[in-house]
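*Asks:* The structure is given below, and queries will be raised subsequently.
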Amino acid sequence: MIKALSLLLALAGTVTATLAQDAKEGESKAAMCIGCHGIPGYQASFPEIHKVPMISGQNAKYIAAALAAYKQGDRKHPTMHAIAAPLSDKDMADLAAFYEQNGKSSIVAVADTPAAQPTAQVAELLTKGACASCHGANFSKPIDGAYPKLAGQHADYLYVALKSYQTEGNPQVGRGNAIMAGQVKQFKHTELKALAQYLGSLPGELRTVPQSRFR
């Protein structure tokens, strides 16, 4: 587990820490992102119908690491692989910087503790998965930027994402992350859905900022 964590942080650091991020450059490179992530309520149909994740306000370090994982195939998703494959490390760092600050002026600070307490069942699941130990007590302040903010993210997306860590041997679907796989494989799908619905119900800093291709 510790070794896997070190590898994850190293991957994120390779893409972000060693490169100068330029949010303005990132904005100019976001045309391929806008068609899904710039439309409020937009739904994807693969691997099942779900809202695409909100990425405005997400940690830059995490976005860059996710793009690198799609490019390298550690995250399997045909559309995202096709988008990430031609990106350089600098492109990914710039895009990540842009989306981290995109819409920041509309963000209201999130309290350090969750605005709504989970049910006893969900609280038990959160403890079992040690979710707060990486993603923060309010699930919006991860202990490191390599981890995503979860609070307020679309619940149906979170459910699909969590299930993907359980998938093995599928060339089109799955995420290769030893830490998350180890945590998520403890749960039934009904339990993952309960976790996703709770996390999605919390106030968070993530947004979908409407964007036009014609700027």
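Here, A, B, ... name the chains of the structure tokens in the order displayed, residue numbers run from 1 inside each chain, and ligands are numbered from 1 in the same displayed order.
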Could you pull the residues within 8 Å of Ala60 in chain A, counting only C-alpha atoms, minus those fewer than 3 positions along the same chain, as a list in words?
*Replies:*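 Neighbouring residues, sequence-local ones excluded: Thr16, Ile63, Ala64, Ala93, Ala96, Ala97, Tyr99, Glu100 and Gly145 of chain A.
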*Asks:* For the residues in the current selection, export C-alpha atoms as a compact mmCIF listing (two decimals), in the first residue's frame.
*Replies:*
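Result file part26.txt:
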# COMPACT_ATOMS: atom_id res chain seq x y z
CA THR A 16 2.94 18.96 -12.32
CA ILE A 63 -6.24 16.32 -13.00
CA ALA A 64 -2.75 16.06 -14.46
CA ALA A 93 -0.05 20.60 -16.59
CA ALA A 96 -4.87 21.07 -15.00
CA ALA A 97 -3.90 24.58 -13.91
CA TYR A 99 -9.42 23.81 -14.56
CA GLU A 100 -8.23 24.21 -10.98
CA GLY A 145 -3.35 17.50 -4.33
*Asks:* Would you list the contacts of Ala115 in chain A as an MDAnalysis selection string, taking every protein, DNA or RNA residue within 10 Å and counting only C-alpha atoms, but skipping same-chain residues closer than 3 positions in sequence?
*Replies:* chainID A and resid 110:112 118 138 201:204
*Asks:* Next, the residues of the selection above should be written as a PDB file, in the first residue's frame with C-alpha atoms.
*Replies:*
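After the write, selection.pdb holds the following:
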ATOM      1  CA  VAL A 110     -16.616  24.570   2.408  1.00  0.00           C
ATOM      2  CA  ALA A 111     -16.724  23.913   6.153  1.00  0.00           C
ATOM      3  CA  ASP A 112     -14.042  21.678   7.627  1.00  0.00           C
ATOM      4  CA  PRO A 118     -24.044  10.273   7.089  1.00  0.00           C
ATOM      5  CA  ASN A 138     -15.164  17.139   4.585  1.00  0.00           C
ATOM      6  CA  SER A 201     -25.021  15.272  -1.597  1.00  0.00           C
ATOM      7  CA  LEU A 202     -22.390  17.323   0.231  1.00  0.00           C
ATOM      8  CA  PRO A 203     -21.554  20.937  -0.620  1.00  0.00           C
ATOM      9  CA  GLY A 204     -18.264  21.133  -2.468  1.00  0.00           C
TER      10      GLY A 204
END
*Asks:* Using Å and a single decimal, report how far CA of Lys29 in chain A sits from CA of Pro210 in chain A.
*Replies:*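 CA of Lys29 in chain A lies at a distance of 15.9 Å from CA of Pro210 in chain A.
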*Asks:* So which residues touch Val209 in chain A within 7 Å, counting only C-alpha atoms, skipping near sequence neighbours fewer than 5 positions away, as a ChimeraX atom specification?
*Replies:* /A:38,56,103
*Asks:* Would you write out those residues with N, CA and C atoms, as a compact mmCIF listing (two decimals), in the first residue's frame?
*Replies:*
# COMPACT_ATOMS: atom_id res chain seq x y z
N GLY A 38 -17.80 21.18 -20.26
CA GLY A 38 -18.25 22.57 -20.23
C GLY A 38 -19.75 22.71 -20.43
N SER A 56 -13.95 21.69 -12.98
CA SER A 56 -13.58 23.05 -12.59
C SER A 56 -13.54 23.12 -11.06
N GLY A 103 -13.69 29.16 -12.68
CA GLY A 103 -14.89 29.35 -11.88
C GLY A 103 -14.64 29.55 -10.40
*Asks:* If you count only C-alpha atoms, which residues fall within 6 Å of Tyr62 in chain A, apart from same-chain ones fewer than 3 positions away, as an mmCIF file with N, CA and C atoms, in the first residue's frame?
*Replies:*
data_model
loop_
_atom_site.group_PDB
_atom_site.id
_atom_site.type_symbol
_atom_site.label_atom_id
_atom_site.label_comp_id
_atom_site.auth_asym_id
_atom_site.auth_seq_id
_atom_site.Cartn_x
_atom_site.Cartn_y
_atom_site.Cartn_z
ATOM 1 N N ASN A 59 -8.412 19.675 -7.971
ATOM 2 C CA ASN A 59 -6.974 19.864 -7.771
ATOM 3 C C ASN A 59 -6.200 19.648 -9.071
ATOM 4 N N ALA A 65 -2.496 14.050 -13.125
ATOM 5 C CA ALA A 65 -2.219 12.622 -12.921
ATOM 6 C C ALA A 65 -3.267 11.760 -13.608
ATOM 7 N N GLY A 145 -2.674 17.127 -3.094
ATOM 8 C CA GLY A 145 -3.355 17.497 -4.333
ATOM 9 C C GLY A 145 -3.470 16.374 -5.337
ATOM 10 N N ALA A 146 -2.748 15.270 -5.118
ATOM 11 C CA ALA A 146 -2.842 14.127 -6.028
ATOM 12 C C ALA A 146 -4.161 13.387 -5.861
ATOM 13 N N TYR A 147 -4.865 13.657 -4.750
ATOM 14 C CA TYR A 147 -6.154 13.028 -4.516
ATOM 15 C C TYR A 147 -7.275 13.991 -4.916
ATOM 16 N N PRO A 148 -8.394 13.465 -5.411
ATOM 17 C CA PRO A 148 -9.472 14.354 -5.848
ATOM 18 C C PRO A 148 -10.358 14.843 -4.709
#
*Asks:* Tell me which of A:Thr208, A:Gln197, A:Phe187, A:Val52 sits closest to Leu125 in chain A, counting only C-alpha atoms.
*Replies:*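 Closest to Leu125 in chain A, using only C-alpha atoms: A:Phe187.
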*Asks:* Need to verify the contact set: Phe98 in chain A, 12 Å, only C-alpha atoms, exclusion of same-chain residues closer than 6 positions in sequence. Can you return it as a short mmCIF file (atom, residue, chain, number, x, y, z; two decimals) with C-alpha atoms, in the first residue's frame?
*Replies:*
data_model
loop_
_atom_site.label_atom_id
_atom_site.label_comp_id
_atom_site.auth_asym_id
_atom_site.auth_seq_id
_atom_site.Cartn_x
_atom_site.Cartn_y
_atom_site.Cartn_z
CA GLN A 21 1.84 25.48 -15.19
CA ASP A 22 0.17 28.13 -17.32
CA ALA A 23 -3.57 28.40 -16.79
CA LYS A 24 -3.95 30.82 -19.69
CA GLU A 25 -2.25 28.35 -22.00
CA GLY A 26 -4.47 25.65 -20.57
CA GLU A 27 -7.58 27.61 -21.50
CA SER A 28 -6.38 27.77 -25.10
CA LYS A 29 -5.89 23.98 -25.11
CA ALA A 30 -9.28 23.05 -23.63
CA CYS A 33 -12.63 19.18 -22.99
CA ILE A 55 -13.56 19.26 -13.08
CA SER A 56 -13.58 23.05 -12.59
CA GLY A 57 -12.23 23.63 -9.08
CA GLN A 58 -10.60 20.19 -8.92
CA ASN A 59 -6.97 19.86 -7.77
CA ALA A 60 -4.54 20.50 -10.63
CA LYS A 61 -2.19 17.79 -9.44
CA ILE A 63 -6.24 16.32 -13.00
CA ALA A 64 -2.75 16.06 -14.46
CA ASP A 91 -0.24 20.30 -22.07
CA MET A 92 -1.58 18.27 -19.16
CA LYS A 104 -13.04 29.90 -8.60
CA VAL A 209 -18.53 26.18 -15.86
#
*Asks:* Any idea what's packed within 9 Å of range 150-160 of chain A, counting only C-alpha atoms, ignoring anything in its chain fewer than 4 positions away? Could you give it as an NGL selection string?
*Replies:* :A and (47-55 or 114 or 135 or 138-142 or 164 or 189 or 192-207)
*Asks:* Which is closer to Asp94 in chain A than all the others in A:Met180, A:Leu67, A:Lys76, A:Gly169, using only C-alpha atoms?
*Replies:*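 Among the listed residues, the smallest separation from Asp94 in chain A belongs to A:Leu67.
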*Asks:* Just checking: using only C-alpha atoms, which residue out of A:Gln172, A:Ser105, A:Leu95, A:Met80 ends up closest to Ala31 in chain A?
*Replies:*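 Comparing A:Gln172, A:Ser105, A:Leu95, A:Met80 against Ala31 in chain A, the winner is A:Leu95.
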